[in-house]
Amino acid sequence: MVGLWVWTAVLVAAGRRGRQWPQPLMRSTAPCTLKRVPHYSRQHLMVSRSLCSAGYDSNEKTFDKILIANRGEIACRVIKTCKKMGIKTVAIHSDVDASSVHVKMADEAVCVGPAPTSKSYLNMDAIMEAIKKTRAQAVHPGYGFLSENKEFAKCLAAEDVVFIGPDTHAIQAMGDKIESKLLAKKAKVNTIPGFDGVVKDADEAVRIAREIGYPVMIKASAGGGGKGMRIAWDDEETRDGFRFSSQEAASSFGDDRLLIEKFIDNPRHIEIQVLGDKHGNALWLNERECSIQRRNQKVVEEAPSIFLDSKTRRAMGEQAVALAKAVKYSSAGTVEFLVDSKKNFYFLEMNTRLQVEHPVTECITGLDLVQEMIRVAKGYPLRHRQADIPINGWAVECRVYAEDPYKSFGLPSIGRLSQYQEPIHLPGVRVDSGIQPGSDISIYYDPMISKLITYGSDRTEALKRMEDALDNYVIRGVTHNIALLREVIINSRFIEGDINTKFLSDVYPDGFKGHKLTESERNQLLAIASSLFVAFQLRAQHFQEHGNARVPIIKPQVANWELSIKLHDEVHTVMASNSGPTFSVEVDGSKLNVTSTWNLASPLLAVNVDGTQRTIQCLSREAGGNMSIQFLGTVVAEGQEICVIEAMKMQNSMTAGKTGKVKSVHCKAGDTVGEGDLLVELE
């Protein structure tokens, strides 16, 4: 029987089964304080590689101990700055998070309940009890969970505990979209034309929509994160949108009030980072471009925006500061705008917390926003003037999610990380994460794996570093969205800056299908796959010569290899030969030289093909010879490139893993079989 050697030219997510990682050593359904020894592995210390140049004054006293009312990467991010400022930290966690990275990083940790967020990270009573037990002086809420909950801020104030964020008035005012729009108008901030009151019913919604003019946006007054939002293009869609949005708003926010405003078609989503103190000072820290979204949630962000000129930037910044001062804002916050093709901008909302994408601002300004939040919360005035705020270089952030990008640009995936390696060995790379090998991506929490940030002297350098970082990011055990992220940043429209909030649906109208190989890339893939195949055979032959016959090899030893490769339903004849680390490969009449260290034990392999550097990932290798590799970041899906390599005129042997009797044979001579196909059953 001829053995078939199957190569996938793209990423295959490892199965959920396989190696079973140890269960957490400490679990409890009741609140309990866990003391931590002040020793951390390199894994934990390198959760976030900072690219900002903030200074930390050890003589400036703030707080002795801060509790972080959050989990995952943002909890790790806050802990990192606290350590630099000499502040002890307390982590809270659910029982399933007992062995999480943020728990190990903190000086103390308190279990606040079981896995569901309503019983743990949103459990104000349990969190307040943890604060009392640990005597924390302040609380940093991160983002999400209780970060914009005015009742939580009030509870802290009642116990003389500092909330590291704005006061309750600002949270209330900006958390209500109707009130915030009225305040924005009063502060002379550009607002989207619309109805300023609460829409009572579907009939009134239709009347208002007609007065504004279609299309309109129907959205929850207390909403955020894309929930409770509908676009209506006619009366019928307005009625449906009113019903669905009010139901979604009630279930998500406990508040079914809706507002209606003009829908700005094909806008950009650009936001301004602001920073205010308790002394009436406020600054704008430039903008972030956040137009690459799916389901109204951001995917790729960058700072600055390629679209804005200095005049528009200043106008947006000054209006954002005017709004912050109008509500006496005292912390880090973000004012979001929609910007049309003529650079007209309109207030969207203000987020009264630290944003997920704050690292790109830190990269171009050199400020540590968490440090600034802590200083302001203690009562210190801002250290900088507006003229001190620079734009140095360019930064890009990709949100790496445990999601399947082939399904609606990203449906959540759960599983356990069997292998995990961040690309922090590369220059200009920062990774904010809160996971490690063996971490679970569960159904209970956001499926974000990390925030991958790259920085460069200009946009071109930052994007090239992002491309390299994505190629060098090793994630096994869950499906992830790296393929989509990579395709976005190399897309010609994105590179030219021709983007808006509909970018993904415009570029991929039939959904994301993965990377489409150019002729040059196809030849590179065929040459790399052939070279890897031969390298594997030569290694196996070396093992047999030294007494290891477990791996089937091709006999006899040959200098030239004639291979037949099936790629995307096309069969290519390839000739390969090697001289040391370099393979000479002839593909469809073209000759390519492939050079590498050929370290087949590494998940990453740097390969040079005629001067073009590629990083491939060896995803899996089987004793029978089957291998899966990642090429240009793409994830395997139906209809995508799959390589099948057959050694022509040579016999491959197949060995049984144990002694037994053949029960049945499920193939016949000449059949083409794929990875995982059942060929022979033994009994």
# chains A, B, ... in the order shown; residues from 1 in each chain; ligands from 1
call {"tool": "residues_around", "arguments": {"residues": "A:Arg230", "least_positions_apart": "5", "cutoff": "10 Å", "atoms": "only C-alpha atoms", "output": "ChimeraX atom specification"}}
result
/A:216-220,237-238,240-242,244-245,260,263
call {"tool": "select_by_dssp", "arguments": {"residues": "stretch 454-515 of chain A", "states": "alpha helix (DSSP H)", "output": "number ranges by chain"}}
result
A: 459-471, 482-490, 492-496, 503-507
call {"tool": "residues_around", "arguments": {"residues": "A:His358", "least_positions_apart": "5", "cutoff": "10 Å", "atoms": "only C-alpha atoms", "output": "list in words"}}
result
Gln273, Arg288, Glu301, Glu302, Ala303, Ala332, Gly333, Thr334, Cys363, Asp368, Leu369, Val370 and Glu397 of chain A
call {"tool": "atom_distance", "arguments": {"atom1": "atom CA of A:Ile499", "atom2": "atom CA of A:Asp235"}}
result
29.5 Å
call {"tool": "residues_around", "arguments": {"residues": "A:Cys82", "least_positions_apart": "2", "cutoff": "9 Å", "atoms": "only C-alpha atoms", "output": "list in words"}}
result
Lys65, Ile66, Arg77, Val78, Ile79, Lys80, Lys84, Met85, Gly86, Ile87, Lys88, Thr89, Val370, Gln371 and Ile374 of chain A
call {"tool": "write_last_selection", "arguments": {"atoms": "N, CA, C and O atoms", "output": "JSON list (two decimals), in the first residue's frame"}}
result
[["chain", "number", "residue", "atom", "x", "y", "z"],
["A", 65, "LYS", "N", -2.25, 49.14, 49.18],
["A", 65, "LYS", "CA", -2.82, 47.90, 48.64],
["A", 65, "LYS", "C", -4.04, 48.22, 47.78],
["A", 65, "LYS", "O", -4.92, 48.98, 48.19],
["A", 66, "ILE", "N", -4.08, 47.63, 46.59],
["A", 66, "ILE", "CA", -5.19, 47.81, 45.66],
["A", 66, "ILE", "C", -5.79, 46.45, 45.33],
["A", 66, "ILE", "O", -5.06, 45.50, 45.03],
["A", 77, "ARG", "N", -2.60, 43.22, 33.72],
["A", 77, "ARG", "CA", -2.08, 44.53, 33.29],
["A", 77, "ARG", "C", -2.02, 45.51, 34.47],
["A", 77, "ARG", "O", -1.03, 46.23, 34.64],
["A", 78, "VAL", "N", -3.06, 45.57, 35.26],
["A", 78, "VAL", "CA", -3.10, 46.48, 36.41],
["A", 78, "VAL", "C", -2.06, 46.07, 37.46],
["A", 78, "VAL", "O", -1.36, 46.91, 38.02],
["A", 79, "ILE", "N", -1.96, 44.76, 37.71],
["A", 79, "ILE", "CA", -0.99, 44.27, 38.70],
["A", 79, "ILE", "C", 0.42, 44.66, 38.31],
["A", 79, "ILE", "O", 1.25, 45.02, 39.15],
["A", 80, "LYS", "N", 0.72, 44.59, 37.03],
["A", 80, "LYS", "CA", 2.07, 44.92, 36.56],
["A", 80, "LYS", "C", 2.45, 46.35, 36.94],
["A", 80, "LYS", "O", 3.55, 46.60, 37.45],
["A", 84, "LYS", "N", 5.30, 48.03, 39.77],
["A", 84, "LYS", "CA", 6.29, 49.05, 39.47],
["A", 84, "LYS", "C", 6.16, 50.25, 40.40],
["A", 84, "LYS", "O", 7.14, 50.95, 40.68],
["A", 85, "MET", "N", 4.95, 50.48, 40.90],
["A", 85, "MET", "CA", 4.72, 51.60, 41.82],
["A", 85, "MET", "C", 4.88, 51.20, 43.28],
["A", 85, "MET", "O", 4.69, 52.03, 44.17],
["A", 86, "GLY", "N", 5.24, 49.93, 43.52],
["A", 86, "GLY", "CA", 5.44, 49.47, 44.89],
["A", 86, "GLY", "C", 4.16, 49.25, 45.67],
["A", 86, "GLY", "O", 4.14, 49.34, 46.90],
["A", 87, "ILE", "N", 3.07, 48.95, 44.97],
["A", 87, "ILE", "CA", 1.76, 48.75, 45.60],
["A", 87, "ILE", "C", 1.44, 47.26, 45.65],
["A", 87, "ILE", "O", 1.56, 46.56, 44.65],
["A", 88, "LYS", "N", 1.02, 46.77, 46.82],
["A", 88, "LYS", "CA", 0.59, 45.38, 46.94],
["A", 88, "LYS", "C", -0.77, 45.22, 46.28],
["A", 88, "LYS", "O", -1.57, 46.15, 46.24],
["A", 89, "THR", "N", -1.02, 44.02, 45.79],
["A", 89, "THR", "CA", -2.26, 43.78, 45.04],
["A", 89, "THR", "C", -3.04, 42.60, 45.58],
["A", 89, "THR", "O", -2.48, 41.64, 46.12],
["A", 370, "VAL", "N", -2.65, 53.26, 33.43],
["A", 370, "VAL", "CA", -3.03, 52.71, 34.74],
["A", 370, "VAL", "C", -2.35, 53.52, 35.85],
["A", 370, "VAL", "O", -2.97, 53.84, 36.87],
["A", 371, "GLN", "N", -1.11, 53.84, 35.67],
["A", 371, "GLN", "CA", -0.39, 54.67, 36.64],
["A", 371, "GLN", "C", -1.08, 56.03, 36.79],
["A", 371, "GLN", "O", -1.27, 56.52, 37.92],
["A", 374, "ILE", "N", -4.23, 55.74, 38.85],
["A", 374, "ILE", "CA", -3.94, 55.57, 40.28],
["A", 374, "ILE", "C", -3.54, 56.91, 40.90],
["A", 374, "ILE", "O", -3.99, 57.27, 42.00]]
call {"tool": "atom_distance", "arguments": {"atom1": "atom CA of A:Glu681", "atom2": "atom CA of A:Lys663"}}
result
5.3 Å
call {"tool": "residues_around", "arguments": {"residues": "stretch 153-158 of chain A", "least_positions_apart": "2", "cutoff": "10 Å", "atoms": "only C-alpha atoms", "output": "number ranges by chain"}}
result
A: 124-125, 128, 131, 137-139, 141, 146-151, 160-168, 171
call {"tool": "residues_around", "arguments": {"residues": "A:Lys407", "least_positions_apart": "5", "cutoff": "10 Å", "atoms": "only C-alpha atoms", "output": "PyMOL selection string"}}
result
chain A and resi 412+511-513
call {"tool": "write_last_selection", "arguments": {"atoms": "all heavy atoms", "output": "mmCIF file, in the first residue's frame"}}
result
data_model
loop_
_atom_site.group_PDB
_atom_site.id
_atom_site.type_symbol
_atom_site.label_atom_id
_atom_site.label_comp_id
_atom_site.auth_asym_id
_atom_site.auth_seq_id
_atom_site.Cartn_x
_atom_site.Cartn_y
_atom_site.Cartn_z
ATOM 1 N N PRO A 412 -17.432 32.055 19.355
ATOM 2 C CA PRO A 412 -16.546 31.595 20.429
ATOM 3 C C PRO A 412 -16.206 30.112 20.358
ATOM 4 O O PRO A 412 -17.014 29.275 19.955
ATOM 5 C CB PRO A 412 -17.345 31.912 21.700
ATOM 6 C CG PRO A 412 -18.239 33.035 21.305
ATOM 7 C CD PRO A 412 -18.614 32.759 19.872
ATOM 8 N N GLY A 511 -18.459 35.909 3.692
ATOM 9 C CA GLY A 511 -17.805 35.387 4.883
ATOM 10 C C GLY A 511 -16.325 35.173 4.652
ATOM 11 O O GLY A 511 -15.851 35.104 3.509
ATOM 12 N N PHE A 512 -15.589 35.065 5.725
ATOM 13 C CA PHE A 512 -14.147 34.871 5.634
ATOM 14 C C PHE A 512 -13.834 33.438 5.200
ATOM 15 O O PHE A 512 -14.353 32.485 5.768
ATOM 16 C CB PHE A 512 -13.513 35.159 6.995
ATOM 17 C CG PHE A 512 -12.025 34.985 7.023
ATOM 18 C CD1 PHE A 512 -11.207 35.777 6.242
ATOM 19 C CD2 PHE A 512 -11.437 34.024 7.836
ATOM 20 C CE1 PHE A 512 -9.828 35.624 6.260
ATOM 21 C CE2 PHE A 512 -10.068 33.864 7.873
ATOM 22 C CZ PHE A 512 -9.258 34.666 7.082
ATOM 23 N N LYS A 513 -12.995 33.309 4.174
ATOM 24 C CA LYS A 513 -12.669 31.995 3.625
ATOM 25 C C LYS A 513 -11.204 31.624 3.797
ATOM 26 O O LYS A 513 -10.796 30.541 3.381
ATOM 27 C CB LYS A 513 -13.014 31.952 2.127
ATOM 28 C CG LYS A 513 -14.452 32.293 1.797
ATOM 29 C CD LYS A 513 -15.427 31.294 2.384
ATOM 30 C CE LYS A 513 -16.851 31.618 1.965
ATOM 31 N NZ LYS A 513 -17.843 30.687 2.565
#
call {"tool": "decode", "arguments": {"residues": "stretch 441-525 of chain A", "atoms": "C-alpha atoms", "output": "PDB file, in the first residue's frame"}}
result
ATOM      1  CA  ILE A 441     -11.092  29.061  27.646  1.00  0.00           C
ATOM      2  CA  SER A 442     -14.495  28.485  29.187  1.00  0.00           C
ATOM      3  CA  ILE A 443     -18.086  29.300  28.365  1.00  0.00           C
ATOM      4  CA  TYR A 444     -18.341  31.615  31.355  1.00  0.00           C
ATOM      5  CA  TYR A 445     -16.091  34.467  30.254  1.00  0.00           C
ATOM      6  CA  ASP A 446     -15.015  36.519  27.274  1.00  0.00           C
ATOM      7  CA  PRO A 447     -13.031  34.327  24.829  1.00  0.00           C
ATOM      8  CA  MET A 448     -10.178  36.824  24.471  1.00  0.00           C
ATOM      9  CA  ILE A 449      -6.783  35.118  24.540  1.00  0.00           C
ATOM     10  CA  SER A 450      -4.686  38.268  24.448  1.00  0.00           C
ATOM     11  CA  LYS A 451      -4.105  41.689  23.006  1.00  0.00           C
ATOM     12  CA  LEU A 452      -1.203  41.610  20.562  1.00  0.00           C
ATOM     13  CA  ILE A 453       0.402  45.025  20.092  1.00  0.00           C
ATOM     14  CA  THR A 454       3.200  46.027  17.760  1.00  0.00           C
ATOM     15  CA  TYR A 455       4.992  49.360  17.605  1.00  0.00           C
ATOM     16  CA  GLY A 456       7.096  50.904  14.869  1.00  0.00           C
ATOM     17  CA  SER A 457       8.559  54.209  13.772  1.00  0.00           C
ATOM     18  CA  ASP A 458       5.747  54.439  11.212  1.00  0.00           C
ATOM     19  CA  ARG A 459       2.638  52.520  10.169  1.00  0.00           C
ATOM     20  CA  THR A 460       4.475  50.365   7.632  1.00  0.00           C
ATOM     21  CA  GLU A 461       6.916  49.105  10.243  1.00  0.00           C
ATOM     22  CA  ALA A 462       4.191  48.525  12.834  1.00  0.00           C
ATOM     23  CA  LEU A 463       2.128  46.468  10.360  1.00  0.00           C
ATOM     24  CA  LYS A 464       5.119  44.413   9.227  1.00  0.00           C
ATOM     25  CA  ARG A 465       5.927  43.645  12.849  1.00  0.00           C
ATOM     26  CA  MET A 466       2.313  42.632  13.404  1.00  0.00           C
ATOM     27  CA  GLU A 467       2.460  40.257  10.432  1.00  0.00           C
ATOM     28  CA  ASP A 468       5.611  38.647  11.841  1.00  0.00           C
ATOM     29  CA  ALA A 469       4.136  38.485  15.346  1.00  0.00           C
ATOM     30  CA  LEU A 470       0.990  36.722  14.138  1.00  0.00           C
ATOM     31  CA  ASP A 471       3.100  34.184  12.223  1.00  0.00           C
ATOM     32  CA  ASN A 472       5.148  33.529  15.368  1.00  0.00           C
ATOM     33  CA  TYR A 473       2.192  33.203  17.757  1.00  0.00           C
ATOM     34  CA  VAL A 474       1.741  29.561  18.818  1.00  0.00           C
ATOM     35  CA  ILE A 475      -1.743  28.639  20.065  1.00  0.00           C
ATOM     36  CA  ARG A 476      -2.909  25.053  20.278  1.00  0.00           C
ATOM     37  CA  GLY A 477      -6.013  23.505  21.791  1.00  0.00           C
ATOM     38  CA  VAL A 478      -8.609  26.067  20.715  1.00  0.00           C
ATOM     39  CA  THR A 479      -9.727  27.563  17.433  1.00  0.00           C
ATOM     40  CA  HIS A 480      -8.564  31.164  17.127  1.00  0.00           C
ATOM     41  CA  ASN A 481      -8.843  34.177  14.841  1.00  0.00           C
ATOM     42  CA  ILE A 482      -5.208  34.755  13.883  1.00  0.00           C
ATOM     43  CA  ALA A 483      -5.958  33.874  10.256  1.00  0.00           C
ATOM     44  CA  LEU A 484      -8.535  36.672  10.033  1.00  0.00           C
ATOM     45  CA  LEU A 485      -6.315  39.184  11.813  1.00  0.00           C
ATOM     46  CA  ARG A 486      -3.439  38.468   9.452  1.00  0.00           C
ATOM     47  CA  GLU A 487      -5.619  38.827   6.383  1.00  0.00           C
ATOM     48  CA  VAL A 488      -6.955  42.177   7.603  1.00  0.00           C
ATOM     49  CA  ILE A 489      -3.548  43.773   8.149  1.00  0.00           C
ATOM     50  CA  ILE A 490      -2.175  42.684   4.740  1.00  0.00           C
ATOM     51  CA  ASN A 491      -5.330  43.634   2.833  1.00  0.00           C
ATOM     52  CA  SER A 492      -4.647  46.374   0.266  1.00  0.00           C
ATOM     53  CA  ARG A 493      -7.639  48.445   1.375  1.00  0.00           C
ATOM     54  CA  PHE A 494      -6.506  48.342   4.985  1.00  0.00           C
ATOM     55  CA  ILE A 495      -2.931  49.235   4.061  1.00  0.00           C
ATOM     56  CA  GLU A 496      -4.178  52.217   2.045  1.00  0.00           C
ATOM     57  CA  GLY A 497      -6.397  53.326   4.934  1.00  0.00           C
ATOM     58  CA  ASP A 498      -9.621  52.790   2.988  1.00  0.00           C
ATOM     59  CA  ILE A 499     -11.609  51.429   5.908  1.00  0.00           C
ATOM     60  CA  ASN A 500     -14.911  51.890   7.719  1.00  0.00           C
ATOM     61  CA  THR A 501     -17.040  49.948  10.176  1.00  0.00           C
ATOM     62  CA  LYS A 502     -18.316  47.755   7.316  1.00  0.00           C
ATOM     63  CA  PHE A 503     -14.837  46.719   6.236  1.00  0.00           C
ATOM     64  CA  LEU A 504     -15.184  43.010   7.009  1.00  0.00           C
ATOM     65  CA  SER A 505     -18.564  42.573   5.341  1.00  0.00           C
ATOM     66  CA  ASP A 506     -17.431  44.612   2.333  1.00  0.00           C
ATOM     67  CA  VAL A 507     -14.164  42.725   1.821  1.00  0.00           C
ATOM     68  CA  TYR A 508     -15.645  39.315   2.644  1.00  0.00           C
ATOM     69  CA  PRO A 509     -19.299  39.514   1.489  1.00  0.00           C
ATOM     70  CA  ASP A 510     -19.618  35.727   1.575  1.00  0.00           C
ATOM     71  CA  GLY A 511     -17.805  35.387   4.883  1.00  0.00           C
ATOM     72  CA  PHE A 512     -14.147  34.871   5.634  1.00  0.00           C
ATOM     73  CA  LYS A 513     -12.669  31.995   3.625  1.00  0.00           C
ATOM     74  CA  GLY A 514      -9.016  32.183   4.538  1.00  0.00           C
ATOM     75  CA  HIS A 515      -5.947  33.239   2.606  1.00  0.00           C
ATOM     76  CA  LYS A 516      -5.997  32.845  -1.164  1.00  0.00           C
ATOM     77  CA  LEU A 517      -2.586  31.871  -2.452  1.00  0.00           C
ATOM     78  CA  THR A 518      -0.899  33.861  -5.199  1.00  0.00           C
ATOM     79  CA  GLU A 519       1.117  31.892  -7.754  1.00  0.00           C
ATOM     80  CA  SER A 520       4.350  32.826  -5.974  1.00  0.00           C
ATOM     81  CA  GLU A 521       2.951  31.808  -2.582  1.00  0.00           C
ATOM     82  CA  ARG A 522       1.665  28.547  -4.041  1.00  0.00           C
ATOM     83  CA  ASN A 523       5.130  27.677  -5.329  1.00  0.00           C
ATOM     84  CA  GLN A 524       6.665  28.620  -1.991  1.00  0.00           C
ATOM     85  CA  LEU A 525       4.208  26.363  -0.187  1.00  0.00           C
TER      86      LEU A 525
END
